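Chemist: So that you have it, the file is entry.cif, and it contains mmCIF, C-alpha atoms, pLDDT in the B column; chains and numbers go by the auth columns:
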data_start
loop_
_atom_site.group_PDB
_atom_site.id
_atom_site.type_symbol
_atom_site.label_atom_id
_atom_site.label_comp_id
_atom_site.label_asym_id
_atom_site.label_seq_id
_atom_site.Cartn_x
_atom_site.Cartn_y
_atom_site.Cartn_z
_atom_site.B_iso_or_equiv
_atom_site.auth_seq_id
_atom_site.auth_asym_id
ATOM 1 C CA MET A 1 124.565 64.079 73.201 48.00 23 A
ATOM 2 C CA ALA A 2 124.529 66.509 70.289 55.00 24 A
ATOM 3 C CA ARG A 3 120.836 67.225 70.676 62.00 25 A
ATOM 4 C CA PRO A 4 118.315 65.995 73.270 66.00 26 A
ATOM 5 C CA VAL A 5 115.708 63.599 71.906 67.00 27 A
ATOM 6 C CA LEU A 6 112.374 62.706 73.496 68.00 28 A
ATOM 7 C CA SER A 7 111.594 59.074 74.136 68.00 29 A
ATOM 8 C CA ALA A 8 108.965 57.570 71.858 66.00 30 A
ATOM 9 C CA GLY A 9 105.452 58.229 73.113 72.00 31 A
ATOM 10 C CA VAL A 10 106.340 61.196 75.338 81.00 32 A
ATOM 11 C CA VAL A 11 104.128 64.192 74.598 88.00 33 A
ATOM 12 C CA LEU A 12 105.009 67.592 76.058 92.00 34 A
ATOM 13 C CA ARG A 13 102.829 70.693 76.360 94.00 35 A
ATOM 14 C CA PHE A 14 103.984 74.244 76.950 96.00 36 A
ATOM 15 C CA GLU A 15 101.844 76.407 79.227 96.00 37 A
ATOM 16 C CA PRO A 16 102.515 80.058 80.137 96.00 38 A
ATOM 17 C CA ALA A 17 104.549 80.273 83.345 94.00 39 A
ATOM 18 C CA PRO A 18 103.362 83.042 85.648 90.00 40 A
ATOM 19 C CA GLY A 19 106.014 85.555 86.668 90.00 41 A
ATOM 20 C CA VAL A 20 108.737 84.514 84.189 90.00 42 A
ATOM 21 C CA ASP A 21 109.492 84.937 80.492 91.00 43 A
ATOM 22 C CA GLY A 22 108.907 81.285 79.703 96.00 44 A
ATOM 23 C CA TRP A 23 106.729 78.212 79.962 97.00 45 A
ATOM 24 C CA THR A 24 105.803 75.414 82.304 97.00 46 A
ATOM 25 C CA VAL A 25 106.549 72.075 80.635 97.00 47 A
ATOM 26 C CA VAL A 26 103.906 69.407 81.179 96.00 48 A
ATOM 27 C CA ALA A 27 104.193 65.754 80.170 92.00 49 A
ATOM 28 C CA CYS A 28 100.845 64.379 79.060 88.00 50 A
ATOM 29 C CA ALA A 29 99.053 61.089 79.671 80.00 51 A
ATOM 30 C CA PRO A 30 99.112 61.216 82.622 83.00 52 A
ATOM 31 C CA ARG A 31 99.562 64.944 83.172 88.00 53 A
ATOM 32 C CA ARG A 32 102.760 65.738 85.107 92.00 54 A
ATOM 33 C CA ARG A 33 104.618 69.020 85.538 95.00 55 A
ATOM 34 C CA LEU A 34 108.306 68.616 84.735 95.00 56 A
ATOM 35 C CA GLY A 35 109.664 72.131 85.229 96.00 57 A
ATOM 36 C CA THR A 36 110.065 75.483 83.500 97.00 58 A
ATOM 37 C CA LEU A 37 111.763 76.836 80.393 98.00 59 A
ATOM 38 C CA THR A 38 112.974 80.431 80.280 97.00 60 A
ATOM 39 C CA ARG A 39 114.365 82.644 77.520 96.00 61 A
ATOM 40 C CA HIS A 40 117.683 84.458 77.853 95.00 62 A
ATOM 41 C CA LEU A 41 120.263 86.200 75.708 96.00 63 A
ATOM 42 C CA ASP A 42 123.677 84.528 75.668 94.00 64 A
ATOM 43 C CA PRO A 43 126.866 86.650 75.780 94.00 65 A
ATOM 44 C CA SER A 44 126.825 87.011 71.978 96.00 66 A
ATOM 45 C CA GLY A 45 123.235 88.310 72.046 96.00 67 A
ATOM 46 C CA ARG A 46 121.565 85.159 70.680 97.00 68 A
ATOM 47 C CA LEU A 47 118.304 83.931 72.182 97.00 69 A
ATOM 48 C CA VAL A 48 118.722 80.695 74.160 97.00 70 A
ATOM 49 C CA TYR A 49 116.450 78.597 76.340 97.00 71 A
ATOM 50 C CA ARG A 50 117.262 77.263 79.791 97.00 72 A
ATOM 51 C CA ALA A 51 115.459 74.477 81.623 97.00 73 A
ATOM 52 C CA TRP A 52 114.706 74.400 85.345 97.00 74 A
ATOM 53 C CA THR A 53 113.428 71.475 87.414 96.00 75 A
ATOM 54 C CA GLN A 54 110.340 71.731 89.618 93.00 76 A
ATOM 55 C CA ALA A 55 112.725 72.322 92.538 94.00 77 A
ATOM 56 C CA GLY A 56 114.242 75.322 90.709 94.00 78 A
ATOM 57 C CA ASP A 57 117.558 73.656 89.857 96.00 79 A
ATOM 58 C CA PRO A 58 119.085 74.339 86.430 96.00 80 A
ATOM 59 C CA VAL A 59 119.179 71.408 84.010 96.00 81 A
ATOM 60 C CA GLN A 60 122.619 70.523 82.638 93.00 82 A
ATOM 61 C CA VAL A 61 123.141 67.660 80.220 87.00 83 A
ATOM 62 C CA THR A 62 126.775 66.758 79.519 85.00 84 A
ATOM 63 C CA GLY A 63 127.839 70.277 80.495 87.00 85 A
ATOM 64 C CA VAL A 64 125.251 72.040 78.317 91.00 86 A
ATOM 65 C CA SER A 65 122.922 74.390 80.199 93.00 87 A
ATOM 66 C CA SER A 66 121.268 76.375 77.386 96.00 88 A
ATOM 67 C CA TRP A 67 119.771 75.434 74.048 95.00 89 A
ATOM 68 C CA ARG A 68 118.979 77.347 70.844 95.00 90 A
ATOM 69 C CA ARG A 69 115.614 75.608 70.406 95.00 91 A
ATOM 70 C CA ARG A 70 112.785 75.442 72.918 95.00 92 A
ATOM 71 C CA GLY A 71 112.050 71.824 72.019 93.00 93 A
ATOM 72 C CA ASP A 72 115.645 70.812 72.736 92.00 94 A
ATOM 73 C CA ALA A 73 115.513 72.454 76.172 95.00 95 A
ATOM 74 C CA ALA A 74 112.215 70.672 76.893 94.00 96 A
ATOM 75 C CA ALA A 75 113.678 67.329 75.779 92.00 97 A
ATOM 76 C CA ALA A 76 116.666 67.866 78.108 93.00 98 A
ATOM 77 C CA LEU A 77 114.262 68.640 80.948 94.00 99 A
ATOM 78 C CA ALA A 78 112.204 65.500 80.257 91.00 100 A
ATOM 79 C CA TRP A 79 115.370 63.385 79.975 88.00 101 A
ATOM 80 C CA SER A 80 116.736 64.636 83.289 89.00 102 A
ATOM 81 C CA THR A 81 113.459 64.285 85.223 86.00 103 A
ATOM 82 C CA PRO A 82 113.047 60.908 86.958 77.00 104 A
#
Please render this file's structure as structure tokens.

Modeler:
Amino acid sequence: MARPVLSAGVVLRFEPAPGVDGWTVVACAPRRRLGTLTRHLDPSGRLVYRAWTQAGDPVQVTGVSSWRRRGDAAAALAWSTP
């Protein structure tokens, strides 16, 4: 997968996550917490986003564990959440 894509009709909201530099990702209608996104600097100094499940496990999709865009990280989180 070159870039994660949300399924049609899935709406995500980003809410401030207490205690971390990131957001809680919430799927809407019905409201359901999926996990957390955090910001990090990769080894080259670029800002990347990482996704974490509700259980605190890192999200990896086809070997990719960080994304340049927040929306891509959220889509990967939604895709990997049952």

Chemist: Around the point (111.4, 75.8, 73.6) (coordinates from the file), which residues reach within 9 Å if we count all atoms listed in the file? Answer as a tab-separated table (two decimals) with C-alpha atoms, in the coordinates of the input.

Modeler:
chain	number	residue	atom	x	y	z
A	36	PHE	CA	103.98	74.24	76.95
A	44	GLY	CA	108.91	81.28	79.70
A	45	TRP	CA	106.73	78.21	79.96
A	59	LEU	CA	111.76	76.84	80.39
A	60	THR	CA	112.97	80.43	80.28
A	61	ARG	CA	114.36	82.64	77.52
A	70	VAL	CA	118.72	80.69	74.16
A	71	TYR	CA	116.45	78.60	76.34
A	72	ARG	CA	117.26	77.26	79.79
A	89	TRP	CA	119.77	75.43	74.05
A	90	ARG	CA	118.98	77.35	70.84
A	91	ARG	CA	115.61	75.61	70.41
A	92	ARG	CA	112.78	75.44	72.92
A	93	GLY	CA	112.05	71.82	72.02
A	94	ASP	CA	115.64	70.81	72.74
A	95	ALA	CA	115.51	72.45	76.17
A	96	ALA	CA	112.22	70.67	76.89

Chemist: Please provide as a PyMOL selection string all residues within 10 Å of Ala77 (chain A), with the sequence filter that same-chain residues fewer than 3 positions apart are discarded (counting all atoms listed in the file).

Modeler: chain A and resi 56-58+74+80

Chemist: Quick one: of A:Thr103, A:Arg54, A:Ala97, A:Ser88, who's nearest to Thr75 (chain A), counting only C-alpha atoms?

Modeler: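 Ranked by minimum distance to Thr75 (chain A), first place goes to A:Thr103.
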
Chemist: Report, in Å to a single decimal, how far apart CA of Val48 (chain A) and CA of Leu69 (chain A) are.

Modeler: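 According to the coordinates, CA of Leu69 (chain A) and CA of Val48 (chain A) are separated by 22.3 Å.
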
Chemist: Could you tell me which of A:Glu37, A:Gly31, A:Ser87, A:Pro104 comes closest to Ala73 (chain A) if we count all atoms listed in the file?

Modeler: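 Smallest separation from Ala73 (chain A) among the options: A:Ser87.
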
Chemist: I need the residue nearest Gly78 (chain A) from this list: A:Arg53, A:Thr46, A:Val32, A:Asp64. Use all atoms listed in the file for the distance.

Modeler: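 Among the listed residues, A:Thr46 lies closest to Gly78 (chain A).
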
Chemist: Could you state the separation of CA of Ala39 (chain A) and CA of Val81 (chain A) in Å, given to one decimal place?

Modeler: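 Separation of CA of Ala39 (chain A) and CA of Val81 (chain A): 17.1 Å.
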
Chemist: What gap, in Å, lies between CA of Gly85 (chain A) and CA of Arg35 (chain A)?

Modeler: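 Here the two named atoms are 25.4 Å from each other.
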
Chemist: Using all atoms of region 84-103 of chain A that appear in the file, construct an axis-aligned enclosing box with 6 Å of padding on every side and provide its centre coordinates and edge lengths in Å, rounded to one decimal, as lines of an AutoDock Vina configuration file.

Modeler:
center_x = 119.9
center_y = 70.4
center_z = 77.8
size_x = 27.8
size_y = 26.0
size_z = 26.8
